[in-house]
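Student: Pasting query00.cif below, which is mmCIF, C-alpha atoms.
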```
data_final
#
loop_
_atom_site.group_PDB
_atom_site.id
_atom_site.type_symbol
_atom_site.label_atom_id
_atom_site.label_comp_id
_atom_site.auth_asym_id
_atom_site.auth_seq_id
_atom_site.Cartn_x
_atom_site.Cartn_y
_atom_site.Cartn_z
ATOM 1 C CA MET A 169 3.363 17.274 -42.293
ATOM 2 C CA ALA A 170 2.976 14.073 -44.272
ATOM 3 C CA LYS A 171 3.421 12.027 -41.110
ATOM 4 C CA LYS A 172 0.607 13.916 -39.462
ATOM 5 C CA ASN A 173 -1.730 13.229 -42.394
ATOM 6 C CA LYS A 174 -0.828 9.545 -42.200
ATOM 7 C CA ASN A 175 -1.908 9.406 -38.550
ATOM 8 C CA LEU A 176 -5.164 11.130 -39.423
ATOM 9 C CA ASP A 177 -5.794 8.492 -42.112
ATOM 10 C CA ILE A 178 -5.214 5.633 -39.660
ATOM 11 C CA ALA A 179 -7.501 6.963 -36.923
ATOM 12 C CA PRO A 180 -10.805 6.736 -38.866
ATOM 13 C CA SER A 181 -10.052 3.156 -39.967
ATOM 14 C CA ARG A 182 -9.593 2.104 -36.343
ATOM 15 C CA ARG A 183 -12.815 3.821 -35.388
ATOM 16 C CA GLU A 184 -14.613 2.069 -38.211
ATOM 17 C CA ARG A 185 -13.302 -1.322 -37.063
ATOM 18 C CA GLY A 186 -14.321 -0.516 -33.486
ATOM 19 C CA GLY A 187 -17.792 0.526 -34.628
ATOM 20 C CA LEU A 188 -18.173 -2.638 -36.695
ATOM 21 C CA GLY A 189 -17.118 -4.781 -33.726
ATOM 22 C CA GLN A 190 -19.650 -3.053 -31.470
ATOM 23 C CA ALA A 191 -22.364 -3.609 -34.066
ATOM 24 C CA ILE A 192 -21.565 -7.335 -34.348
ATOM 25 C CA LEU A 193 -21.486 -7.678 -30.566
ATOM 26 C CA GLY A 194 -24.800 -5.840 -30.268
ATOM 27 C CA PHE A 195 -26.350 -8.133 -32.896
ATOM 28 C CA PHE A 196 -25.315 -11.300 -31.037
ATOM 29 C CA LEU A 197 -26.510 -9.870 -27.717
ATOM 30 C CA LEU A 198 -29.852 -9.013 -29.293
ATOM 31 C CA LEU A 199 -30.095 -12.507 -30.736
ATOM 32 C CA TYR A 200 -29.280 -14.028 -27.338
ATOM 33 C CA THR A 201 -31.914 -11.826 -25.686
ATOM 34 C CA LEU A 202 -34.538 -13.020 -28.156
ATOM 35 C CA PHE A 203 -33.673 -16.664 -27.454
ATOM 36 C CA CYS A 204 -34.026 -16.010 -23.714
ATOM 37 C CA ALA A 205 -37.321 -14.161 -24.175
ATOM 38 C CA LEU A 206 -38.961 -16.728 -26.457
ATOM 39 C CA PRO A 207 -39.905 -19.210 -23.667
ATOM 40 C CA VAL A 208 -41.487 -16.413 -21.627
ATOM 41 C CA ILE A 209 -43.398 -15.166 -24.659
ATOM 42 C CA LEU A 210 -44.528 -18.721 -25.390
ATOM 43 C CA VAL A 211 -45.931 -19.024 -21.855
ATOM 44 C CA PHE A 212 -47.977 -15.833 -22.323
ATOM 45 C CA VAL A 213 -49.243 -16.968 -25.718
ATOM 46 C CA ALA A 214 -50.099 -20.486 -24.486
ATOM 47 C CA ALA A 215 -52.081 -19.030 -21.593
ATOM 48 C CA CYS A 216 -54.256 -17.204 -24.150
ATOM 49 C CA THR A 217 -54.613 -20.168 -26.531
ATOM 50 C CA ASP A 218 -57.703 -22.347 -26.879
ATOM 51 C CA GLU A 219 -57.273 -25.746 -25.224
ATOM 52 C CA LYS A 220 -58.467 -27.662 -28.289
ATOM 53 C CA THR A 221 -55.890 -25.841 -30.416
ATOM 54 C CA ILE A 222 -53.124 -26.856 -28.001
ATOM 55 C CA ASN A 223 -54.272 -30.485 -28.039
ATOM 56 C CA LYS A 224 -54.391 -30.440 -31.836
ATOM 57 C CA ASN A 225 -51.283 -28.458 -32.828
ATOM 58 C CA GLY A 226 -49.261 -28.209 -29.633
ATOM 59 C CA PHE A 227 -47.747 -24.989 -28.317
ATOM 60 C CA SER A 228 -47.186 -22.285 -30.904
ATOM 61 C CA LEU A 229 -46.344 -18.598 -30.985
ATOM 62 C CA PHE A 230 -49.092 -18.099 -33.572
ATOM 63 C CA PRO A 231 -52.102 -20.218 -32.507
ATOM 64 C CA GLU A 232 -55.137 -20.757 -34.691
ATOM 65 C CA LYS A 233 -57.615 -19.788 -31.990
ATOM 66 C CA TRP A 234 -57.302 -17.582 -28.935
ATOM 67 C CA SER A 235 -59.120 -18.130 -25.662
ATOM 68 C CA LEU A 236 -59.033 -16.915 -22.057
ATOM 69 C CA ASN A 237 -60.505 -20.090 -20.566
ATOM 70 C CA GLY A 238 -57.208 -20.799 -18.793
ATOM 71 C CA PHE A 239 -57.317 -17.476 -16.969
ATOM 72 C CA ASN A 240 -61.035 -17.911 -16.287
ATOM 73 C CA ALA A 241 -60.377 -21.286 -14.637
ATOM 74 C CA VAL A 242 -57.822 -19.687 -12.315
ATOM 75 C CA LEU A 243 -59.730 -16.457 -11.667
ATOM 76 C CA LYS A 244 -62.904 -18.340 -10.711
ATOM 77 C CA TYR A 245 -61.447 -18.618 -7.215
ATOM 78 C CA GLY A 246 -62.102 -14.893 -6.833
ATOM 79 C CA LYS A 247 -61.805 -13.807 -3.196
ATOM 80 C CA GLN A 248 -59.577 -16.740 -2.296
ATOM 81 C CA LEU A 249 -57.094 -15.622 -4.945
ATOM 82 C CA VAL A 250 -57.086 -12.110 -3.462
ATOM 83 C CA TYR A 251 -56.570 -13.483 0.062
ATOM 84 C CA SER A 252 -53.721 -15.705 -1.112
ATOM 85 C CA TYR A 253 -52.036 -12.825 -2.943
ATOM 86 C CA GLY A 254 -52.266 -10.686 0.192
ATOM 87 C CA ILE A 255 -50.808 -13.429 2.405
ATOM 88 C CA THR A 256 -47.959 -14.085 -0.011
ATOM 89 C CA ILE A 257 -47.068 -10.400 -0.373
ATOM 90 C CA PHE A 258 -47.175 -9.885 3.403
ATOM 91 C CA VAL A 259 -45.037 -12.967 4.079
ATOM 92 C CA ALA A 260 -42.492 -12.029 1.387
ATOM 93 C CA VAL A 261 -42.154 -8.406 2.559
ATOM 94 C CA ALA A 262 -42.205 -9.070 6.317
ATOM 95 C CA GLY A 263 -39.983 -12.139 6.107
ATOM 96 C CA THR A 264 -37.434 -10.427 3.873
ATOM 97 C CA PHE A 265 -37.288 -7.324 6.072
ATOM 98 C CA LEU A 266 -36.987 -9.318 9.308
ATOM 99 C CA GLY A 267 -34.454 -11.738 7.818
ATOM 100 C CA LEU A 268 -32.238 -8.968 6.448
ATOM 101 C CA LEU A 269 -32.275 -7.182 9.798
ATOM 102 C CA ILE A 270 -31.339 -10.278 11.795
ATOM 103 C CA MET A 271 -28.758 -11.594 9.325
ATOM 104 C CA SER A 272 -27.068 -8.219 8.799
ATOM 105 C CA MET A 273 -26.700 -7.754 12.579
ATOM 106 C CA PHE A 274 -25.361 -11.300 12.897
ATOM 107 C CA ALA A 275 -22.937 -10.730 10.011
ATOM 108 C CA TYR A 276 -21.760 -7.461 11.540
ATOM 109 C CA ALA A 277 -21.092 -9.168 14.883
ATOM 110 C CA ILE A 278 -19.015 -12.029 13.475
ATOM 111 C CA SER A 279 -17.111 -9.681 11.144
ATOM 112 C CA ARG A 280 -15.680 -7.702 14.069
ATOM 113 C CA LYS A 281 -12.232 -9.029 14.933
ATOM 114 C CA ASP A 282 -12.373 -7.595 18.445
ATOM 115 C CA PHE A 283 -15.576 -9.477 19.301
ATOM 116 C CA ARG A 284 -14.701 -12.413 21.540
ATOM 117 C CA LEU A 285 -17.581 -14.664 20.483
ATOM 118 C CA SER A 286 -17.118 -14.189 16.727
ATOM 119 C CA LYS A 287 -15.418 -17.576 16.180
ATOM 120 C CA PHE A 288 -17.925 -19.402 18.385
ATOM 121 C CA LEU A 289 -20.898 -17.811 16.605
ATOM 122 C CA SER A 290 -19.352 -18.577 13.202
ATOM 123 C CA ILE A 291 -19.119 -22.277 14.106
ATOM 124 C CA TYR A 292 -22.609 -22.158 15.609
ATOM 125 C CA LEU A 293 -23.868 -20.685 12.338
ATOM 126 C CA LEU A 294 -22.427 -23.561 10.291
ATOM 127 C CA ILE A 295 -24.044 -26.325 12.378
ATOM 128 C CA PRO A 296 -27.538 -26.061 10.755
ATOM 129 C CA MET A 297 -25.899 -26.274 7.332
ATOM 130 C CA LEU A 298 -24.300 -29.619 8.204
ATOM 131 C CA PHE A 299 -26.966 -31.176 10.438
ATOM 132 C CA ASN A 300 -30.732 -31.167 10.049
ATOM 133 C CA GLY A 301 -33.334 -32.745 12.303
ATOM 134 C CA GLY A 302 -35.702 -33.513 9.435
ATOM 135 C CA ALA A 303 -39.279 -32.608 8.614
ATOM 136 C CA LEU A 304 -40.879 -34.781 11.293
ATOM 137 C CA SER A 305 -38.915 -33.301 14.177
ATOM 138 C CA GLY A 306 -39.493 -29.816 12.808
ATOM 139 C CA TYR A 307 -43.232 -30.452 12.619
ATOM 140 C CA ILE A 308 -43.327 -31.625 16.241
ATOM 141 C CA ILE A 309 -41.307 -28.632 17.454
ATOM 142 C CA PHE A 310 -43.321 -26.035 15.548
ATOM 143 C CA THR A 311 -46.742 -27.456 16.436
ATOM 144 C CA SER A 312 -46.344 -28.959 19.920
ATOM 145 C CA TYR A 313 -43.772 -26.642 21.517
ATOM 146 C CA TYR A 314 -44.055 -23.362 19.621
ATOM 147 C CA GLY A 315 -47.789 -23.588 18.901
ATOM 148 C CA LEU A 316 -47.441 -22.301 15.348
ATOM 149 C CA LYS A 317 -49.979 -24.631 13.752
ATOM 150 C CA ASP A 318 -52.130 -22.605 11.343
ATOM 151 C CA ASN A 319 -50.177 -19.446 12.205
ATOM 152 C CA ILE A 320 -48.792 -17.024 9.604
ATOM 153 C CA LEU A 321 -45.501 -16.873 11.523
ATOM 154 C CA ILE A 322 -44.800 -20.447 10.425
ATOM 155 C CA LEU A 323 -44.516 -19.113 6.870
ATOM 156 C CA ILE A 324 -41.928 -16.513 7.946
ATOM 157 C CA LEU A 325 -39.663 -17.932 10.654
ATOM 158 C CA PRO A 326 -38.301 -21.144 8.993
ATOM 159 C CA LEU A 327 -36.889 -19.183 6.033
ATOM 160 C CA CYS A 328 -35.893 -16.097 8.000
ATOM 161 C CA VAL A 329 -32.195 -16.897 8.495
ATOM 162 C CA SER A 330 -29.931 -18.684 6.039
ATOM 163 C CA THR A 331 -26.324 -19.618 6.733
ATOM 164 C CA MET A 332 -25.192 -18.827 3.200
ATOM 165 C CA ASN A 333 -26.838 -15.395 3.227
ATOM 166 C CA VAL A 334 -25.128 -14.518 6.511
ATOM 167 C CA ILE A 335 -21.782 -15.563 5.020
ATOM 168 C CA ILE A 336 -22.427 -13.355 1.975
ATOM 169 C CA LEU A 337 -23.213 -10.345 4.166
ATOM 170 C CA ARG A 338 -20.267 -11.017 6.467
ATOM 171 C CA THR A 339 -17.869 -11.279 3.501
ATOM 172 C CA TYR A 340 -19.167 -8.009 2.061
ATOM 173 C CA ILE A 341 -18.672 -6.203 5.388
ATOM 174 C CA ALA A 342 -15.157 -7.590 5.801
ATOM 175 C CA ASN A 343 -13.999 -6.843 2.237
ATOM 176 C CA SER A 344 -15.925 -3.733 1.166
ATOM 177 C CA ILE A 345 -16.407 -1.650 4.322
ATOM 178 C CA PRO A 346 -13.143 -0.264 5.784
ATOM 179 C CA ASN A 347 -12.612 -1.230 9.400
ATOM 180 C CA GLU A 348 -10.946 2.150 9.957
ATOM 181 C CA LEU A 349 -14.274 3.853 9.241
ATOM 182 C CA MET A 350 -15.998 1.987 12.063
ATOM 183 C CA GLU A 351 -13.052 2.568 14.403
ATOM 184 C CA ALA A 352 -13.185 6.296 13.663
ATOM 185 C CA ALA A 353 -16.901 6.321 14.539
ATOM 186 C CA MET A 354 -16.215 4.623 17.843
ATOM 187 C CA ILE A 355 -13.435 7.104 18.616
ATOM 188 C CA ASP A 356 -16.003 9.871 18.109
ATOM 189 C CA GLY A 357 -18.197 8.224 20.739
ATOM 190 C CA ALA A 358 -20.533 6.056 18.643
ATOM 191 C CA GLY A 359 -21.610 2.747 20.155
ATOM 192 C CA GLU A 360 -22.018 -0.577 18.354
ATOM 193 C CA TYR A 361 -25.663 -0.024 17.480
ATOM 194 C CA ARG A 362 -25.078 3.480 16.146
ATOM 195 C CA THR A 363 -22.041 2.295 14.178
ATOM 196 C CA PHE A 364 -24.091 -0.496 12.642
ATOM 197 C CA PHE A 365 -27.259 1.456 11.779
ATOM 198 C CA GLN A 366 -25.655 4.734 10.666
ATOM 199 C CA ILE A 367 -22.433 3.536 9.002
ATOM 200 C CA THR A 368 -22.418 -0.178 8.216
ATOM 201 C CA LEU A 369 -26.052 -0.659 7.191
ATOM 202 C CA PRO A 370 -26.152 2.175 4.585
ATOM 203 C CA LEU A 371 -22.952 0.871 2.977
ATOM 204 C CA LEU A 372 -24.423 -2.641 2.949
ATOM 205 C CA LYS A 373 -27.271 -1.763 0.549
ATOM 206 C CA PRO A 374 -25.923 -3.520 -2.592
ATOM 207 C CA SER A 375 -25.431 -6.799 -0.755
ATOM 208 C CA LEU A 376 -28.757 -6.414 1.063
ATOM 209 C CA ALA A 377 -30.522 -5.927 -2.264
ATOM 210 C CA ALA A 378 -29.018 -9.095 -3.726
ATOM 211 C CA VAL A 379 -29.725 -11.208 -0.630
ATOM 212 C CA GLY A 380 -33.153 -9.632 -0.207
ATOM 213 C CA PHE A 381 -34.167 -10.539 -3.735
ATOM 214 C CA MET A 382 -33.156 -14.169 -3.184
ATOM 215 C CA MET A 383 -35.077 -14.231 0.099
ATOM 216 C CA ALA A 384 -38.188 -12.676 -1.421
ATOM 217 C CA THR A 385 -38.095 -15.227 -4.243
ATOM 218 C CA ALA A 386 -37.788 -18.080 -1.729
ATOM 219 C CA TYR A 387 -40.735 -16.765 0.278
ATOM 220 C CA TRP A 388 -42.778 -16.245 -2.877
ATOM 221 C CA ASN A 389 -42.187 -19.796 -4.127
ATOM 222 C CA ASP A 390 -42.618 -21.561 -0.773
ATOM 223 C CA TRP A 391 -45.670 -23.793 -0.494
ATOM 224 C CA GLN A 392 -44.462 -26.846 1.445
ATOM 225 C CA ASN A 393 -44.615 -25.123 4.838
ATOM 226 C CA ALA A 394 -48.137 -23.943 4.069
ATOM 227 C CA LEU A 395 -49.145 -27.458 3.012
ATOM 228 C CA MET A 396 -47.874 -28.903 6.296
ATOM 229 C CA TYR A 397 -49.007 -26.261 8.780
ATOM 230 C CA ILE A 398 -51.781 -24.065 7.302
ATOM 231 C CA THR A 399 -55.385 -25.291 7.376
ATOM 232 C CA THR A 400 -57.472 -22.084 7.138
ATOM 233 C CA ASP A 401 -58.288 -21.061 3.569
ATOM 234 C CA LYS A 402 -57.770 -17.348 4.233
ATOM 235 C CA LYS A 403 -54.218 -18.049 5.423
ATOM 236 C CA LYS A 404 -53.158 -20.126 2.430
ATOM 237 C CA PRO A 405 -50.478 -18.436 0.297
ATOM 238 C CA LEU A 406 -50.642 -18.081 -3.443
ATOM 239 C CA GLN A 407 -48.394 -21.024 -4.269
ATOM 240 C CA LEU A 408 -50.482 -23.487 -2.248
ATOM 241 C CA LEU A 409 -53.668 -22.183 -3.832
ATOM 242 C CA LEU A 410 -52.249 -22.663 -7.322
ATOM 243 C CA VAL A 411 -51.145 -26.194 -6.421
ATOM 244 C CA ASN A 412 -54.712 -26.897 -5.309
ATOM 245 C CA ILE A 413 -56.026 -25.453 -8.578
ATOM 246 C CA GLN A 414 -53.800 -27.796 -10.578
ATOM 247 C CA LYS A 415 -54.920 -30.757 -8.479
ATOM 248 C CA SER A 416 -58.561 -29.796 -9.051
ATOM 249 C CA ILE A 417 -58.020 -29.679 -12.812
ATOM 250 C CA GLU A 418 -56.267 -33.069 -12.748
ATOM 251 C CA PHE A 419 -59.169 -34.488 -10.738
ATOM 252 C CA LEU A 420 -61.668 -33.236 -13.310
ATOM 253 C CA LEU A 421 -59.603 -34.704 -16.132
ATOM 254 C CA ASN A 422 -59.203 -38.109 -14.503
ATOM 255 C CA ASN A 423 -62.786 -38.403 -13.263
ATOM 256 C CA ASN A 424 -65.271 -39.675 -15.814
ATOM 257 C CA ASN A 425 -68.242 -38.751 -13.627
ATOM 258 C CA VAL A 426 -67.703 -35.007 -13.834
ATOM 259 C CA PRO A 427 -71.058 -33.225 -14.346
ATOM 260 C CA SER A 428 -71.550 -31.597 -17.715
ATOM 261 C CA ALA A 429 -72.340 -28.323 -15.969
ATOM 262 C CA ALA A 430 -68.779 -28.208 -14.597
ATOM 263 C CA ARG A 431 -67.331 -28.716 -18.069
ATOM 264 C CA ALA A 432 -69.695 -26.136 -19.550
ATOM 265 C CA ALA A 433 -68.522 -23.600 -16.950
ATOM 266 C CA MET A 434 -65.004 -23.997 -18.324
ATOM 267 C CA GLY A 435 -66.002 -23.525 -21.924
ATOM 268 C CA GLY A 436 -66.788 -27.157 -22.710
ATOM 269 C CA THR A 437 -63.150 -28.292 -22.370
ATOM 270 C CA ILE A 438 -61.125 -28.443 -19.188
ATOM 271 C CA PRO A 439 -58.181 -26.092 -19.890
ATOM 272 C CA GLN A 440 -55.331 -28.178 -18.534
ATOM 273 C CA TYR A 441 -52.386 -26.662 -20.413
ATOM 274 C CA SER A 442 -53.668 -23.102 -20.790
ATOM 275 C CA ALA A 443 -54.619 -22.995 -17.092
ATOM 276 C CA THR A 444 -51.143 -24.231 -16.194
ATOM 277 C CA MET A 445 -49.564 -21.435 -18.219
ATOM 278 C CA ALA A 446 -51.966 -18.905 -16.715
ATOM 279 C CA THR A 447 -50.879 -20.149 -13.298
ATOM 280 C CA VAL A 448 -47.233 -19.596 -14.234
ATOM 281 C CA ILE A 449 -47.998 -16.016 -15.296
ATOM 282 C CA ILE A 450 -49.792 -15.288 -12.021
ATOM 283 C CA VAL A 451 -46.808 -16.667 -10.086
ATOM 284 C CA ILE A 452 -43.917 -15.002 -11.949
ATOM 285 C CA GLY A 453 -45.671 -11.725 -12.791
ATOM 286 C CA PRO A 454 -44.695 -9.772 -9.644
ATOM 287 C CA ILE A 455 -41.143 -11.164 -9.715
ATOM 288 C CA MET A 456 -40.725 -9.979 -13.308
ATOM 289 C CA VAL A 457 -41.832 -6.499 -12.225
ATOM 290 C CA VAL A 458 -39.574 -6.313 -9.143
ATOM 291 C CA TYR A 459 -36.400 -7.714 -10.709
ATOM 292 C CA PRO A 460 -35.681 -4.786 -13.090
ATOM 293 C CA LEU A 461 -35.990 -2.395 -10.136
ATOM 294 C CA LEU A 462 -33.244 -4.244 -8.241
ATOM 295 C CA GLN A 463 -31.007 -4.903 -11.236
ATOM 296 C CA LYS A 464 -28.989 -1.715 -10.680
ATOM 297 C CA TYR A 465 -27.917 -3.011 -7.274
ATOM 298 C CA TYR A 466 -26.579 -6.189 -8.879
ATOM 299 C CA ILE A 467 -24.564 -4.105 -11.335
ATOM 300 C CA LYS A 468 -23.270 -1.918 -8.523
ATOM 301 C CA ARG A 469 -22.313 -5.019 -6.524
ATOM 302 C CA LEU A 470 -20.345 -6.422 -9.458
ATOM 303 C CA THR A 471 -18.587 -3.068 -9.938
ATOM 304 C CA VAL A 472 -17.608 -2.871 -6.273
ATOM 305 C CA GLY A 473 -16.339 -6.464 -6.360
ATOM 306 C CA SER A 474 -14.206 -5.851 -9.428
ATOM 307 C CA VAL A 475 -12.669 -2.707 -7.887
ATOM 308 C CA LYS A 476 -11.883 -4.547 -4.651
ATOM 309 C CA GLY A 477 -10.432 -7.458 -6.581
#
```
For this file, produce the structure as structure tokens.
Tutor:
Amino acid sequence: MAKKNKNLDIAPSRRERGGLGQAILGFFLLLYTLFCALPVILVFVAACTDEKTINKNGFSLFPEKWSLNGFNAVLKYGKQLVYSYGITIFVAVAGTFLGLLIMSMFAYAISRKDFRLSKFLSIYLLIPMLFNGGALSGYIIFTSYYGLKDNILILILPLCVSTMNVIILRTYIANSIPNELMEAAMIDGAGEYRTFFQITLPLLKPSLAAVGFMMATAYWNDWQNALMYITTDKKKPLQLLLVNIQKSIEFLLNNNNVPSAARAAMGGTIPQYSATMATVIIVIGPIMVVYPLLQKYYIKRLTVGSVKG
């Protein structure tokens, strides 16, 4: 009986130590989260800070004077900003969807051991990673042969397929989807397309979510292709528009002959730093909204990988 009471006395002490350890770990994680969030908070605060206050005191979480001149300088583009947002959203969604479809089918093909061309296609896939014709040759091909000058497709096709993303999808299919499952489907009479769309593709969702997020981010941040190929204002994506806004602000700052009316329209001071921070918020805002929605797929992917390992 005494031995039993001794065990009961030990159990609460272990629980207390475990609870204390969890509390300490939670404190450090909270502290780390605050350190990671401070730069983002500073960007939001700086975007709402008066330009003269920034020039006087620098960036601060508690500015002396608040102002929305930075946002006003960016939002003055009005309809063009709406057009650019629409183009960027369309390119990101369409490009990601098309790229995932093509790359997942390619990955499925080269993951099949009974496919005769799997080794050849795998080598063919690696060639663009090792050799690149350069920007000049690409410009000539896209404009002279494909006729994609000032075409929205030029914003989608160059980033549609990535060698590394295909390798990620192929590795997931080979390691996480049992080959016996696909063989059983074929024994039941399912063809390659039905096996891919009804069995492989649904099981590929965690990897598709991870690759899709990286693709959408690449499409969202791309502006070099638009700078080279897009000339119509209504077809310019958001990133290129924001680059033009920054160049316009730099021109006003470096030009001594700027009319006073232009400065008065911006509140008397050209909001260089606050407009830059407002631009950052406009760019990263949608990504910050989408990322938490896809975070569960990242966690699921890590769980599946640890179980397979």
Student: For the PyMOL selection byres ((chain A and resi 445) around 10), applied here, can you spell out every residue it catches as a ChimeraX atom specification?
Tutor: /A:210-217,238-239,439-444,446-451
Student: Decode the PyMOL selection byres ((chain A and resi 339-351) around 12) for the given file into explicit residues and return them as a PyMOL selection string.
Tutor: chain A and resi 272-282+332-338+352-376+378-379+469-477
Student: Under the rule that all atoms listed in the file are counted, which of A:Tyr245, A:Phe258, A:Ala191, A:Val208 is the nearest residue to Met456 in chain A?
Tutor: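 Smallest separation from Met456 in chain A among the options: A:Val208.
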Student: Check which residues satisfy the PyMOL selection byres ((chain A and resi 314-318) around 10) in the file shown, then give them as a ChimeraX atom specification.
Tutor: /A:307-313,319-323,394,396-400,403-404
Student: Calculate how many Å separate CA of Val250 in chain A from CA of Trp388 in chain A, rounding to one decimal.
Tutor: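 Atom-to-atom, CA of Val250 in chain A to CA of Trp388 in chain A, that is 14.9 Å.
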Student: Once you add 6 Å to each side, what are the centre and edge lengths of the axis-aligned box holding all listed atoms of range 359-365 of chain A? One decimal in Å, as JSON, if you can.
Tutor:
```
{"center_x": -24.4, "center_y": 1.5, "center_z": 16.0, "size_x": 17.6, "size_y": 16.1, "size_z": 20.4}
```
Student: Between A:Gly263, A:Gly302, A:Pro405, A:Gly194, which residue has the minimum interatomic distance to Gln248 in chain A, considering all atoms listed in the file?
Tutor: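 Of A:Gly263, A:Gly302, A:Pro405, A:Gly194, the one nearest Gln248 in chain A, counting all atoms listed in the file, is A:Pro405.
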Student: Using CA of Asp401 in chain A and CA of Val261 in chain A as the two end points, give the distance in Å to one decimal.
Tutor: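 Interatomic distance here is 20.5 Å.
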Student: Quick one: residues within 10 Å of Cys328 in chain A, all atoms listed in the file counted, chain neighbours fewer than 5 positions away excluded, as a list in words?
Tutor: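 My list of contacting residues is Ala262, Gly263, Thr264, Phe265, Leu266, Gly267, Leu268, Leu269, Ile270, Met271, Leu323, Met383 and Tyr387 of chain A.
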Student: Compare A:Gln407, A:Asn422, A:Ser286, A:Ser252 by their minimum atom-to-atom distance to Leu395 in chain A, counting only C-alpha atoms, and give me the closest one.
Tutor: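 Closest residue, counting only C-alpha atoms: A:Gln407.
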